[in-house]
Amino acid sequence: MRVFLILSAGLGFIPIVIAGFKANLLFGGFGGKVSIPAETLFNSSSVVISIIIYLIVYITSHFLFGIVIWFLYLLPARRLGGERNIFILRGVVVFISCNWWLILFHSSLYPNSLMAVSNDSSLLKWALLALSTGMTALLGFALVVSLNHLRLNRRKWAGSLLFVGLSLGTLAAFAGNRAHPRPGRNGTPDVIVIGIDSLRPDHLQRFGFAENITPNLNELLNESAIFANASTPLARTFPSWVSLLTGLEPLRHGGRFNLMPQEMVAGDRSIAHVLRKRGYRTIYATDESRFSNIDGKYGFDEVLAPTYGLSDFLLGSLNDAPLTNLLVNSPLGRYLLPFSHGNRAAYTTYWPETFDADLQQVIDAENTRPIFLAVHYCLPHWPYKWSEKDRISFPGYATTSMAADYQLYLNSLHRADRQLGVLMRHLQEKGRLENTLVVFISDHGESFLLDKDKLYSAENTAKGSSNLFPQLPGHAVSVVDSSQYNVVLAFRGYGHSKVVADTLATPVSLLDVAPTILQYALGESLENIDGLSMVDVIRGKSSPPADRIFARETGFSVPALLEVSPDVADAVHQGAVYYNLNSLNGRLELKHEFLNKLLRYKQRGVVMGRWVLGFMPGKEGEVSAYLVDSEAKRYWPESEFAQANAPTELLIRELCQHYENEAEYLPQRLCAIQ
């Protein structure tokens, strides 16, 4: 057995070497890109515990694997006899063969893993086929010999089988569905908010997109009140969701950047607190939480999300071994490998079905109260990947310089839409759509440098590169690029909850979601907020005001993320200096000393209908102003504002007043006269 345990240790050592190389690349040492001092890691007990648990799971799984192979080999080997050296040699062959089976099986499940074997080579296919055939024959022989031995040791084997059966039965009972019957709830509606990350509204068939890449969402929108001109105040997941939950601008709720220190964000203003006090069961679920740490502070009874903090960044990125990968999506993976289980950020092993199943289990755990469920699917976020490697080809959409990423994005939208369909069917089966308001949203858009998003100089209407406004990929990197800020926003009523199906062109914001939900569910209003209730609008009783002006601002992006093909290691390297590790909870937080610098380089803007005004700081701190007609795709620099038939003075006044408490970051030549 010692030989098998040594070989198992060797098997485990290979992924450790690869993980070590990745860690060196990402986290320092021998020219690594990010330095994380050991004292920083060990000052956080939660991070230390996560690392210890992972090492225990990793080591135990490999030694158990060696023991299992040993016992599978032992019975037929003893029957065959032979000298000790021959006995050991046959054992090594069996062990290597079993490991090939493991690697082949692992590769079929996780083709994006660094430990996966590519099957592109025809020579490799024949070699693997020959090895697999030989292994099948060997296992067949072992089975015949073992069955023959079993007849001689029935009592001994019966006890073992009984123990295995009881263990599996206990595990099945532990992991099984624990749903309860659902009583009536006196007419109080369920409220469900479903978000799809980075979903551009112009990529829905309803708004003219040729391919039906989101069939489930398109079908659901047929009976919905849809706002065709909805936007977010800050095109990042965390600030968008905080604005959605509070009805407050980022300037007021404090979530100006991802991973803001928790004490600086007004999580206590979330409507989940109000709904919980009124008897709702409040749940937040997402399959990625690295930069959006929404938790119980925002009023949620239950949070389904990957592990928050450095453990997610560290272990979720480094875990990539065949044995632990096979555990990730099992019921045990949720407890033993929480940093990889259901974690879209650990895309190598992410199965959308795992997150779907976990979400269903949470929903079904208790049915005695009305539910406020907020779900956010993150597959369409960069790098637009998950465990599957096969993709649908969209040949008509490869005209951008980001063609490869764009194809991945379209595929991830399609896969996230399947998750949406799974959730809606489950809610229907469980009676959760009998009296329900469902809100469909996206948190922001995404720029892929598409031709239709290009802005050209209004002075020279010829479409040439010299007249093109500089484009940047991603989101929240340019306030004048509406493709990054336009979002999906739709309301649908089920059962007793009535909503008039319509497409509404009046501009609205994610700020309007919180007051709408609260008035719809409880008949109450929120005070001192920036959003407006749309209840009368979605019921067909009124129209929203047409002259609203919305503020918008950018987030924080390191230069590496602004490249056409971002490099993960470079992004980590450039961004790590801005964050601290909170030793109390193991989470990463933006350093206070960098806030003023990041605020100085933040772009600020306002939008009114088709017109967008942006104040955009340069590298030396100077602030330029640009006016954009988002429908005509034309822009004017400050020197040409007079040539635009736009409410320029009104926009300047609103923008300067909105950020008057940050006057030092504004162009005083424009704001001083307001």
# chains A, B, ... in the order shown; residues from 1 in each chain; ligands from 1
call {"tool": "residues_around", "arguments": {"residues": "A:Trp241", "least_positions_apart": "4", "cutoff": "8 Å", "atoms": "only C-alpha atoms", "output": "list in words"}}
result
Thr237, Leu245 and Asp443 of chain A
call {"tool": "write_last_selection", "arguments": {"atoms": "all heavy atoms", "output": "mmCIF file, in the first residue's frame"}}
result
data_model
loop_
_atom_site.group_PDB
_atom_site.id
_atom_site.type_symbol
_atom_site.label_atom_id
_atom_site.label_comp_id
_atom_site.auth_asym_id
_atom_site.auth_seq_id
_atom_site.Cartn_x
_atom_site.Cartn_y
_atom_site.Cartn_z
ATOM 1 N N THR A 237 -21.364 46.177 -11.371
ATOM 2 C CA THR A 237 -22.354 45.330 -10.720
ATOM 3 C C THR A 237 -22.701 45.800 -9.311
ATOM 4 O O THR A 237 -23.871 45.971 -8.966
ATOM 5 C CB THR A 237 -21.850 43.875 -10.670
ATOM 6 O OG1 THR A 237 -21.579 43.427 -12.001
ATOM 7 C CG2 THR A 237 -22.881 42.965 -10.022
ATOM 8 N N LEU A 245 -31.295 48.499 -4.955
ATOM 9 C CA LEU A 245 -31.870 48.115 -3.657
ATOM 10 C C LEU A 245 -32.226 49.315 -2.789
ATOM 11 O O LEU A 245 -33.075 49.205 -1.901
ATOM 12 C CB LEU A 245 -30.895 47.216 -2.899
ATOM 13 C CG LEU A 245 -30.666 45.819 -3.483
ATOM 14 C CD1 LEU A 245 -29.494 45.134 -2.791
ATOM 15 C CD2 LEU A 245 -31.919 44.960 -3.367
ATOM 16 N N ASP A 443 -27.418 44.784 -15.023
ATOM 17 C CA ASP A 443 -26.745 45.770 -14.174
ATOM 18 C C ASP A 443 -26.008 46.838 -14.959
ATOM 19 O O ASP A 443 -25.787 47.946 -14.472
ATOM 20 C CB ASP A 443 -25.790 45.062 -13.211
ATOM 21 C CG ASP A 443 -24.806 44.150 -13.938
ATOM 22 O OD1 ASP A 443 -25.038 43.827 -15.124
ATOM 23 O OD2 ASP A 443 -23.801 43.731 -13.315
#
call {"tool": "residues_around", "arguments": {"residues": "A:Asp390", "least_positions_apart": "5", "cutoff": "12 Å", "atoms": "only C-alpha atoms", "output": "JSON, numbers by chain"}}
result
{"A": [108, 109, 110, 111, 112, 385, 407, 408, 411, 412, 415]}
call {"tool": "atom_distance", "arguments": {"atom1": "atom CA of A:Phe372", "atom2": "atom CA of A:Leu310"}}
result
29.0 Å
call {"tool": "select_by_dssp", "arguments": {"residues": "stretch 485-645 of chain A", "states": "helix (DSSP H, G or I)", "output": "ChimeraX atom specification"}}
result
/A:510-522,535-538,559-562,568-576,592-600,638-643
call {"tool": "closest_residue", "arguments": {"among": "A:Val47, A:Ile283, A:Val606, A:Ala632", "to": "A:Glu366", "atoms": "only C-alpha atoms"}}
result
A:Ile283
call {"tool": "residues_around", "arguments": {"residues": "A:Tyr635", "least_positions_apart": "6", "cutoff": "12 Å", "atoms": "only C-alpha atoms", "output": "PyMOL selection string"}}
result
chain A and resi 454-461+467-470+480-481+610-614+625-629+641+643-646
call {"tool": "select_by_dssp", "arguments": {"residues": "stretch 472-601 of chain A", "states": "strand (DSSP E or B)", "output": "list of chain:residue names"}}
result
A:Gly474, A:Asn486, A:Val487, A:Leu489, A:Ala490, A:Phe491, A:Arg492, A:Gly493, A:Tyr494, A:Gly495, A:Asp502, A:Thr503, A:Leu504, A:Val508, A:Ser509, A:Phe550, A:Ala551, A:Arg552, A:Glu553, A:Tyr579, A:Asn580, A:Leu581, A:Leu588, A:Glu589, A:Leu590
call {"tool": "atom_distance", "arguments": {"atom1": "atom CA of A:Ser478", "atom2": "atom CA of A:Leu410"}}
result
22.2 Å
call {"tool": "residues_around", "arguments": {"residues": "A:Pro617", "least_positions_apart": "6", "cutoff": "8 Å", "atoms": "only C-alpha atoms", "output": "PyMOL selection string"}}
result
chain A and resi 600-603+623-624
call {"tool": "write_last_selection", "arguments": {"atoms": "all heavy atoms", "output": "mmCIF file, in the first residue's frame"}}
result
data_model
loop_
_atom_site.group_PDB
_atom_site.id
_atom_site.type_symbol
_atom_site.label_atom_id
_atom_site.label_comp_id
_atom_site.auth_asym_id
_atom_site.auth_seq_id
_atom_site.Cartn_x
_atom_site.Cartn_y
_atom_site.Cartn_z
ATOM 1 N N ARG A 600 -10.693 61.744 -8.157
ATOM 2 C CA ARG A 600 -10.192 62.790 -9.049
ATOM 3 C C ARG A 600 -10.244 62.342 -10.502
ATOM 4 O O ARG A 600 -10.538 63.148 -11.400
ATOM 5 C CB ARG A 600 -8.761 63.172 -8.652
ATOM 6 C CG ARG A 600 -8.116 64.214 -9.570
ATOM 7 C CD ARG A 600 -6.784 64.691 -9.031
ATOM 8 N NE ARG A 600 -6.940 65.332 -7.726
ATOM 9 C CZ ARG A 600 -7.354 66.586 -7.561
ATOM 10 N NH1 ARG A 600 -7.654 67.334 -8.614
ATOM 11 N NH2 ARG A 600 -7.448 67.087 -6.344
ATOM 12 N N TYR A 601 -9.970 61.074 -10.748
ATOM 13 C CA TYR A 601 -9.930 60.591 -12.131
ATOM 14 C C TYR A 601 -11.247 59.934 -12.564
ATOM 15 O O TYR A 601 -11.316 59.320 -13.622
ATOM 16 C CB TYR A 601 -8.756 59.627 -12.321
ATOM 17 C CG TYR A 601 -7.431 60.333 -12.288
ATOM 18 C CD1 TYR A 601 -6.647 60.339 -11.139
ATOM 19 C CD2 TYR A 601 -6.977 61.043 -13.397
ATOM 20 C CE1 TYR A 601 -5.439 61.009 -11.104
ATOM 21 C CE2 TYR A 601 -5.767 61.714 -13.373
ATOM 22 C CZ TYR A 601 -5.001 61.700 -12.226
ATOM 23 O OH TYR A 601 -3.812 62.378 -12.200
ATOM 24 N N LYS A 602 -12.274 60.089 -11.757
ATOM 25 C CA LYS A 602 -13.587 59.565 -12.120
ATOM 26 C C LYS A 602 -14.253 60.497 -13.134
ATOM 27 O O LYS A 602 -14.290 61.717 -12.951
ATOM 28 C CB LYS A 602 -14.468 59.439 -10.870
ATOM 29 C CG LYS A 602 -15.869 58.910 -11.134
ATOM 30 C CD LYS A 602 -16.720 58.943 -9.875
ATOM 31 C CE LYS A 602 -16.396 57.792 -8.952
ATOM 32 N NZ LYS A 602 -16.940 56.507 -9.429
ATOM 33 N N GLN A 603 -14.795 59.925 -14.218
ATOM 34 C CA GLN A 603 -15.592 60.708 -15.158
ATOM 35 C C GLN A 603 -16.991 60.900 -14.581
ATOM 36 O O GLN A 603 -17.545 60.001 -13.952
ATOM 37 C CB GLN A 603 -15.682 60.002 -16.510
ATOM 38 C CG GLN A 603 -14.360 59.823 -17.222
ATOM 39 C CD GLN A 603 -14.511 59.076 -18.529
ATOM 40 O OE1 GLN A 603 -15.599 59.019 -19.114
ATOM 41 N NE2 GLN A 603 -13.422 58.493 -19.018
ATOM 42 N N VAL A 623 -9.645 68.691 -16.916
ATOM 43 C CA VAL A 623 -10.950 68.094 -17.174
ATOM 44 C C VAL A 623 -11.504 68.631 -18.488
ATOM 45 O O VAL A 623 -11.703 69.845 -18.651
ATOM 46 C CB VAL A 623 -11.947 68.400 -16.034
ATOM 47 C CG1 VAL A 623 -13.300 67.748 -16.326
ATOM 48 C CG2 VAL A 623 -11.393 67.895 -14.705
ATOM 49 N N SER A 624 -11.746 67.721 -19.438
ATOM 50 C CA SER A 624 -12.344 68.089 -20.716
ATOM 51 C C SER A 624 -13.845 67.835 -20.664
ATOM 52 O O SER A 624 -14.312 66.982 -19.904
ATOM 53 C CB SER A 624 -11.724 67.273 -21.856
ATOM 54 O OG SER A 624 -10.334 67.464 -21.917
#
call {"tool": "atom_distance", "arguments": {"atom1": "atom CA of A:Ile69", "atom2": "atom CA of A:Val94"}}
result
8.0 Å
call {"tool": "closest_residue", "arguments": {"among": "A:Thr368, A:Thr648, A:Thr214, A:Thr354", "to": "A:Ile196", "atoms": "only C-alpha atoms"}}
result
A:Thr214
call {"tool": "residues_around", "arguments": {"residues": "A:Asp190", "least_positions_apart": "2", "cutoff": "7 Å", "atoms": "only C-alpha atoms", "output": "PyMOL selection string"}}
result
chain A and resi 188+192+370-372+435-437
call {"tool": "residues_around", "arguments": {"residues": "A:Phe300", "least_positions_apart": "2", "cutoff": "6 Å", "atoms": "only C-alpha atoms", "output": "MDAnalysis selection string"}}
result
chainID A and resid 282:283 296 298 302
call {"tool": "residues_around", "arguments": {"residues": "A:Ser289", "least_positions_apart": "4", "cutoff": "9 Å", "atoms": "only C-alpha atoms", "output": "list in words"}}
result
Asn293, Ile294, Ala305, Pro306, Thr307, Tyr308, Gly309, Asp312, Asn343, Arg344 and Ala345 of chain A
call {"tool": "write_last_selection", "arguments": {"atoms": "N, CA, C and O atoms", "output": "short mmCIF file (atom, residue, chain, number, x, y, z; two decimals), in the first residue's frame"}}
result
data_model
loop_
_atom_site.label_atom_id
_atom_site.label_comp_id
_atom_site.auth_asym_id
_atom_site.auth_seq_id
_atom_site.Cartn_x
_atom_site.Cartn_y
_atom_site.Cartn_z
N ASN A 293 -19.76 42.46 -2.96
CA ASN A 293 -19.93 41.78 -1.68
C ASN A 293 -21.25 42.14 -1.01
O ASN A 293 -21.28 42.67 0.11
N ILE A 294 -22.35 41.86 -1.67
CA ILE A 294 -23.67 42.09 -1.08
C ILE A 294 -24.00 40.91 -0.17
O ILE A 294 -23.93 39.75 -0.59
N ALA A 305 -23.92 32.54 -2.36
CA ALA A 305 -22.84 33.14 -3.13
C ALA A 305 -21.55 32.40 -2.82
O ALA A 305 -21.42 31.77 -1.77
N PRO A 306 -20.57 32.48 -3.72
CA PRO A 306 -19.25 31.92 -3.39
C PRO A 306 -18.65 32.63 -2.18
O PRO A 306 -19.11 33.72 -1.79
N THR A 307 -17.64 32.03 -1.60
CA THR A 307 -16.96 32.62 -0.44
C THR A 307 -16.49 34.03 -0.77
O THR A 307 -15.87 34.27 -1.80
N TYR A 308 -16.79 34.97 0.12
CA TYR A 308 -16.33 36.34 -0.07
C TYR A 308 -14.87 36.48 0.33
O TYR A 308 -14.39 35.81 1.25
N GLY A 309 -14.15 37.39 -0.34
CA GLY A 309 -12.84 37.78 0.14
C GLY A 309 -11.67 37.12 -0.55
O GLY A 309 -11.78 36.55 -1.64
N ASP A 312 -11.63 33.50 -2.02
CA ASP A 312 -12.18 33.34 -3.37
C ASP A 312 -11.11 33.66 -4.41
O ASP A 312 -10.86 32.89 -5.34
N ASN A 343 -19.15 28.89 -8.50
CA ASN A 343 -18.44 30.16 -8.61
C ASN A 343 -18.07 30.41 -10.06
O ASN A 343 -17.14 29.80 -10.60
N ARG A 344 -18.77 31.34 -10.70
CA ARG A 344 -18.50 31.65 -12.11
C ARG A 344 -17.09 32.21 -12.29
O ARG A 344 -16.47 32.02 -13.35
N ALA A 345 -16.55 32.88 -11.26
CA ALA A 345 -15.20 33.42 -11.38
C ALA A 345 -14.17 32.30 -11.52
O ALA A 345 -13.16 32.48 -12.21
#
call {"tool": "closest_atom_pairs", "arguments": {"of": "stretch 187-290 of chain A", "to": "stretch 575-586 of chain A", "cutoff": "12 Å", "atoms": "only C-alpha atoms", "output": "tab-separated table"}}
result
residue	atom	partner	partner_atom	distance
A:Phe257	CA	A:Tyr578	CA	11.5
A:Asn258	CA	A:Tyr579	CA	10.5
A:Leu259	CA	A:Tyr579	CA	8.4
A:Met260	CA	A:Tyr579	CA	9.4
A:Pro261	CA	A:Asn582	CA	9.2
A:Gln262	CA	A:Asn582	CA	10.4
call {"tool": "closest_residue", "arguments": {"among": "A:Leu114, A:Arg334, A:Asp502, A:Trp70", "to": "A:Phe95", "atoms": "only C-alpha atoms"}}
result
A:Trp70
call {"tool": "closest_residue", "arguments": {"among": "A:Trp382, A:Phe207, A:Tyr280, A:Tyr335", "to": "A:Asp358", "atoms": "only C-alpha atoms"}}
result
A:Tyr335
